[in-house]
Every structure is written in structure tokens, then in C-alpha cells.
Amino acid sequence: MKKLEKDLQEAYKLRFEFFNLYENKEARWHKKYSNHKLYPTVVKSFQYNFSEIGLKMPQLIKKFNLSS
């Protein structure tokens, strides 16, 4: 699996956890993942709604140079 694809899969997982598993416990999610390499990307992705994220997440990963 290419690095970009792997990073995308992980970023989507983290975003899913934030909105679905850590609902009303967002501070715990931030504490758990604050040192994760995808943390800044996923936090930035919160600016986009669910229907946009499929297009925006690859752009965010490239912007933060995580797939290089």
C-alpha cells in the first residue's frame, strides 16, 4: 500500500473516532492523539463537513507533507 493511501486510511480512522467514539469526550481524543503524526491534518479536517472530506483529506495530507 502506498504511503498516501496508508496515511489517508489512518486519517479517516482518527476522524471517525473523534466524531463517533469520542462524542462528548473530545478532550480525551485530543490528549490521546496530540503526538500522532496525522494529528494536525485531522484537526484541520474538522473545518470540512462529511460530504467534503473525501476530496479535502488527500489535499491536507499533501499540504502537511505527510505522504512525501
# chains A, B, ... in the order shown; residues from 1 in each chain; ligands from 1

$ residues_around --residues "Phe50 (chain A)" --least-positions-apart "4" --cutoff "12 Å" --atoms "only C-alpha atoms" --output "ChimeraX atom specification"
/A:12,15-16,19,45-46,54-57

$ write_last_selection --atoms "C-alpha atoms" --output "mmCIF file, in the first residue's frame"
data_model
loop_
_atom_site.group_PDB
_atom_site.id
_atom_site.type_symbol
_atom_site.label_atom_id
_atom_site.label_comp_id
_atom_site.auth_asym_id
_atom_site.auth_seq_id
_atom_site.Cartn_x
_atom_site.Cartn_y
_atom_site.Cartn_z
ATOM 1 C CA TYR A 12 -10.088 8.786 8.175
ATOM 2 C CA ARG A 15 -11.549 11.460 12.235
ATOM 3 C CA PHE A 16 -14.174 8.713 12.580
ATOM 4 C CA PHE A 19 -16.911 12.094 15.760
ATOM 5 C CA SER A 45 -10.053 18.445 8.583
ATOM 6 C CA PHE A 46 -12.639 19.366 11.227
ATOM 7 C CA GLY A 54 -13.181 12.715 0.701
ATOM 8 C CA LEU A 55 -11.801 15.474 -1.503
ATOM 9 C CA LYS A 56 -10.124 17.569 1.182
ATOM 10 C CA MET A 57 -8.243 14.938 3.213
#

$ residues_around --residues "region 34-44 of chain A" --least-positions-apart "3" --cutoff "12 Å" --atoms "only C-alpha atoms" --output "PyMOL selection string"
chain A and resi 4+6-19+26-31+47-49+53+56-67

$ select_by_dssp --residues "chain A" --states "helix (DSSP H, G or I)" --output "MDAnalysis selection string"
chainID A and resid 3:21 26:33 39:45 50:63
